[in-house]
Amino acid sequence: MLTADSITVKGRHEQLVAPTSMQLQRGELQLLVSEPQISRTALALVLSGRMKPSSGMVSWNSEPKLEYLRKHSALVDSPQISEPESHLRVRDLVAEDLALTPGPFWRKPSAKKWMARHGFSDIAKGWTDAIDPLRLFELQLMLAAENPVHELLVVDSPDRHDLQDQSWLETLEYFASSHREFAVLAIVSTLPQDWQQPNGLTELLEPATDHLPDPSTGFIQEELDLDFAPVPASEPAAASSDDFFPVEYPADAVQHPAED
């Protein structure tokens with residue numbers, strides 16, 4: 001379970017996140033609403049163990065060590081942090097991410113085989129900024145799920161893409177309800193229409209300040225003064241190559257637009 005107790009984040013110039021408390025169980029999808037983009041990114045970094053909160057505490061399964069939370073979580077599609085770089089082809093993005101999964105290299109699938117198995121072969125040669133954003137979103141989640149120790153998926157601003165809310169919500173719900181029972185947290189700018197949080201909970205976080213700069217200028221990493229916590233080098237090896245396919249994502253789970 002992810003637990004945050006009165007966490008705050010202060011940037012170099014302003015407070016970015018007001019005191020925030022929450023809990024998230026495995027097998028559950030929850031949305032947090034925050035503005036502007038830098039506040040969402042700051043929350044995503046803290047709640048995935050990539051950055052220490054300025055105050056308060058965050059833990060995974062009651063373990064307060066930041067490295068433990070980071071080891072068991074994935075930060076997905078965070079602007080200027082973990083979003084795919086536009087100069088990469090999809091096959092190169094997949095190859096890079098697969099290389100980072102734990103275990104000996106000879107047990108890791110090749111990018112070509114992995115994409116064929118999961119239905120992404122048709123976009124392998126495409127540039128990441130030129131393919132359908134929903135398929136790229138699915139791809140990033142699949143790659144995050146490839147790490148067998150990941151139990152928490154923290155998604156930064158999935159609503160910033162040109163997607164219908166229902167499409168990215170269905171994708172996130174699939175991962176929460178899969179046999180892996182991921183805890184899935186999406187930090188968004190507004191709640192989708194008719195969205196109901198688990199147990200009726202709705203988290204709406206007001207900006208800590210009205211004077212935050214424009215995030216389009218690429219200032220996020222500088223403003224946050226990022227100091228990522230290290231992940232221990234001793235990751236558990238997978239028992240077999242099959243362990244690197246923890247989620248079978250059926251092709252018909254989400255309808256894909258035709259590729260040009």
# chains A, B, ... in the order shown; residues from 1 in each chain; ligands from 1
>>> residues_around(residues="Ala74 (chain A)", least_positions_apart="3", cutoff="7 Å", atoms="only C-alpha atoms", output="ChimeraX atom specification")
/A:48,144,150,152-154
>>> write_last_selection(atoms="all heavy atoms", output="PDB file, in the first residue's frame")
ATOM      1  N   SER A  48       6.499   8.345  -6.256  1.00  0.00           N
ATOM      2  CA  SER A  48       7.178   7.187  -6.840  1.00  0.00           C
ATOM      3  C   SER A  48       8.573   6.990  -6.239  1.00  0.00           C
ATOM      4  O   SER A  48       9.332   6.146  -6.711  1.00  0.00           O
ATOM      5  CB  SER A  48       7.286   7.342  -8.362  1.00  0.00           C
ATOM      6  OG  SER A  48       8.097   8.451  -8.702  1.00  0.00           O
ATOM      7  N   ALA A 144       6.846  -0.642 -18.246  1.00  0.00           N
ATOM      8  CA  ALA A 144       6.932  -0.516 -16.793  1.00  0.00           C
ATOM      9  C   ALA A 144       6.570  -1.827 -16.106  1.00  0.00           C
ATOM     10  O   ALA A 144       7.193  -2.233 -15.120  1.00  0.00           O
ATOM     11  CB  ALA A 144       6.014   0.607 -16.312  1.00  0.00           C
ATOM     12  N   HIS A 150       8.081  -4.302  -9.920  1.00  0.00           N
ATOM     13  CA  HIS A 150       7.193  -3.144  -9.902  1.00  0.00           C
ATOM     14  C   HIS A 150       5.796  -3.549  -9.433  1.00  0.00           C
ATOM     15  O   HIS A 150       5.202  -4.494  -9.938  1.00  0.00           O
ATOM     16  CB  HIS A 150       7.099  -2.517 -11.290  1.00  0.00           C
ATOM     17  CG  HIS A 150       8.279  -1.671 -11.638  1.00  0.00           C
ATOM     18  ND1 HIS A 150       8.547  -1.223 -12.921  1.00  0.00           N
ATOM     19  CD2 HIS A 150       9.276  -1.166 -10.855  1.00  0.00           C
ATOM     20  CE1 HIS A 150       9.651  -0.502 -12.917  1.00  0.00           C
ATOM     21  NE2 HIS A 150      10.112  -0.461 -11.685  1.00  0.00           N
ATOM     22  N   LEU A 152       3.721  -0.630  -8.180  1.00  0.00           N
ATOM     23  CA  LEU A 152       3.043   0.665  -8.191  1.00  0.00           C
ATOM     24  C   LEU A 152       3.375   1.392  -9.492  1.00  0.00           C
ATOM     25  O   LEU A 152       4.547   1.507  -9.861  1.00  0.00           O
ATOM     26  CB  LEU A 152       3.502   1.509  -6.992  1.00  0.00           C
ATOM     27  CG  LEU A 152       3.141   2.992  -6.987  1.00  0.00           C
ATOM     28  CD1 LEU A 152       1.628   3.181  -6.870  1.00  0.00           C
ATOM     29  CD2 LEU A 152       3.861   3.711  -5.836  1.00  0.00           C
ATOM     30  N   LEU A 153       2.351   1.877 -10.191  1.00  0.00           N
ATOM     31  CA  LEU A 153       2.527   2.664 -11.408  1.00  0.00           C
ATOM     32  C   LEU A 153       2.028   4.071 -11.132  1.00  0.00           C
ATOM     33  O   LEU A 153       0.842   4.274 -10.838  1.00  0.00           O
ATOM     34  CB  LEU A 153       1.745   2.049 -12.571  1.00  0.00           C
ATOM     35  CG  LEU A 153       2.033   0.578 -12.903  1.00  0.00           C
ATOM     36  CD1 LEU A 153       1.131   0.103 -14.042  1.00  0.00           C
ATOM     37  CD2 LEU A 153       3.504   0.380 -13.263  1.00  0.00           C
ATOM     38  N   VAL A 154       2.928   5.055 -11.215  1.00  0.00           N
ATOM     39  CA  VAL A 154       2.574   6.460 -11.014  1.00  0.00           C
ATOM     40  C   VAL A 154       2.649   7.143 -12.372  1.00  0.00           C
ATOM     41  O   VAL A 154       3.715   7.209 -12.987  1.00  0.00           O
ATOM     42  CB  VAL A 154       3.516   7.141 -10.005  1.00  0.00           C
ATOM     43  CG1 VAL A 154       3.136   8.618  -9.845  1.00  0.00           C
ATOM     44  CG2 VAL A 154       3.466   6.430  -8.656  1.00  0.00           C
TER      45      VAL A 154
END
>>> residues_around(residues="Ser86 (chain A)", least_positions_apart="5", cutoff="8 Å", atoms="only C-alpha atoms", output="ChimeraX atom specification")
/A:127-129
>>> write_last_selection(atoms="C-alpha atoms", output="PDB file, in the first residue's frame")
ATOM      1  CA  TRP A 127       9.394   7.948 -34.147  1.00  0.00           C
ATOM      2  CA  THR A 128       7.927   8.161 -30.660  1.00  0.00           C
ATOM      3  CA  ASP A 129       6.383  11.574 -31.301  1.00  0.00           C
TER       4      ASP A 129
END
>>> select_by_dssp(residues="region 47-163 of chain A", states="helix (DSSP H, G or I)", output="VMD selection string")
chain A and resid 47 66 to 71 90 to 99 105 to 107 111 to 118 121 to 123 133 to 145 158 to 160
>>> write_last_selection(atoms="C-alpha atoms", output="PDB file, in the first residue's frame")
ATOM      1  CA  LEU A  47       4.950   9.431  -4.695  1.00  0.00           C
ATOM      2  CA  LEU A  66      12.794   6.079  -0.302  1.00  0.00           C
ATOM      3  CA  GLU A  67      14.871   3.457  -2.135  1.00  0.00           C
ATOM      4  CA  TYR A  68      12.297   0.791  -1.295  1.00  0.00           C
ATOM      5  CA  LEU A  69       9.431   2.815  -2.758  1.00  0.00           C
ATOM      6  CA  ARG A  70      11.452   3.664  -5.841  1.00  0.00           C
ATOM      7  CA  LYS A  71      12.453   0.043  -6.369  1.00  0.00           C
ATOM      8  CA  VAL A  90       9.993   3.007 -30.874  1.00  0.00           C
ATOM      9  CA  ARG A  91      12.307  -0.016 -31.201  1.00  0.00           C
ATOM     10  CA  ASP A  92      15.127   1.963 -29.562  1.00  0.00           C
ATOM     11  CA  LEU A  93      12.868   3.071 -26.715  1.00  0.00           C
ATOM     12  CA  VAL A  94      11.876  -0.549 -26.109  1.00  0.00           C
ATOM     13  CA  ALA A  95      15.496  -1.751 -26.282  1.00  0.00           C
ATOM     14  CA  GLU A  96      16.605   0.873 -23.751  1.00  0.00           C
ATOM     15  CA  ASP A  97      13.834   0.046 -21.289  1.00  0.00           C
ATOM     16  CA  LEU A  98      14.283  -3.720 -21.571  1.00  0.00           C
ATOM     17  CA  ALA A  99      18.001  -3.289 -20.855  1.00  0.00           C
ATOM     18  CA  PHE A 105      21.072 -10.083 -20.049  1.00  0.00           C
ATOM     19  CA  TRP A 106      20.689 -13.502 -21.707  1.00  0.00           C
ATOM     20  CA  ARG A 107      17.234 -13.883 -20.154  1.00  0.00           C
ATOM     21  CA  ALA A 111      13.154  -5.561 -28.576  1.00  0.00           C
ATOM     22  CA  LYS A 112      11.970  -7.192 -31.798  1.00  0.00           C
ATOM     23  CA  LYS A 113      10.605 -10.294 -30.052  1.00  0.00           C
ATOM     24  CA  TRP A 114       9.049  -8.252 -27.262  1.00  0.00           C
ATOM     25  CA  MET A 115       7.212  -5.959 -29.686  1.00  0.00           C
ATOM     26  CA  ALA A 116       5.997  -8.926 -31.737  1.00  0.00           C
ATOM     27  CA  ARG A 117       4.678 -10.658 -28.635  1.00  0.00           C
ATOM     28  CA  HIS A 118       2.824  -7.581 -27.403  1.00  0.00           C
ATOM     29  CA  SER A 121       5.706  -4.602 -34.404  1.00  0.00           C
ATOM     30  CA  ASP A 122       3.823  -2.307 -36.778  1.00  0.00           C
ATOM     31  CA  ILE A 123       5.152   0.821 -35.052  1.00  0.00           C
ATOM     32  CA  PRO A 133      -0.533   8.689 -28.407  1.00  0.00           C
ATOM     33  CA  LEU A 134      -2.736   5.946 -26.958  1.00  0.00           C
ATOM     34  CA  ARG A 135      -0.511   3.209 -28.323  1.00  0.00           C
ATOM     35  CA  LEU A 136       2.564   5.011 -26.990  1.00  0.00           C
ATOM     36  CA  PHE A 137       0.854   5.287 -23.613  1.00  0.00           C
ATOM     37  CA  GLU A 138       0.063   1.552 -23.616  1.00  0.00           C
ATOM     38  CA  LEU A 139       3.640   0.780 -24.652  1.00  0.00           C
ATOM     39  CA  GLN A 140       5.100   2.748 -21.750  1.00  0.00           C
ATOM     40  CA  LEU A 141       2.853   0.968 -19.244  1.00  0.00           C
ATOM     41  CA  MET A 142       3.740  -2.416 -20.707  1.00  0.00           C
ATOM     42  CA  LEU A 143       7.439  -1.617 -20.397  1.00  0.00           C
ATOM     43  CA  ALA A 144       6.932  -0.516 -16.793  1.00  0.00           C
ATOM     44  CA  ALA A 145       5.134  -3.782 -16.067  1.00  0.00           C
ATOM     45  CA  PRO A 158      -2.128  11.253 -18.865  1.00  0.00           C
ATOM     46  CA  ASP A 159      -4.828  13.825 -19.677  1.00  0.00           C
ATOM     47  CA  ARG A 160      -2.303  16.175 -21.315  1.00  0.00           C
TER      48      ARG A 160
END
>>> residues_around(residues="Val188 (chain A)", least_positions_apart="6", cutoff="7 Å", atoms="only C-alpha atoms", output="list of chain:residue names")
A:Leu31, A:Leu32, A:Val33, A:Ser34, A:Ser157, A:Pro158, A:Asp159
>>> closest_residue(among="A:Ser167, A:Gln23, A:Ser82, A:Gln30", to="Leu45 (chain A)", atoms="only C-alpha atoms")
A:Ser82
>>> closest_residue(among="A:Pro102, A:Asp156, A:Gly126, A:Pro36", to="Ile81 (chain A)", atoms="only C-alpha atoms")
A:Asp156
>>> closest_residue(among="A:Asp77, A:Asp5, A:Glu28, A:Glu83", to="Ser59 (chain A)", atoms="only C-alpha atoms")
A:Asp5
>>> select_by_dssp(residues="region 5-231 of chain A", states="strand (DSSP E or B)", output="NGL selection string")
:A and (5-10 or 15-24 or 29-34 or 55-60 or 63 or 73-76 or 89 or 127 or 152-156 or 183-188 or 203-205 or 207)
>>> atom_distance(atom1="CA of Pro53 (chain A)", atom2="CA of Lys10 (chain A)")
8.2 Å
>>> atom_distance(atom1="CA of Thr20 (chain A)", atom2="CA of Asp194 (chain A)")
23.5 Å
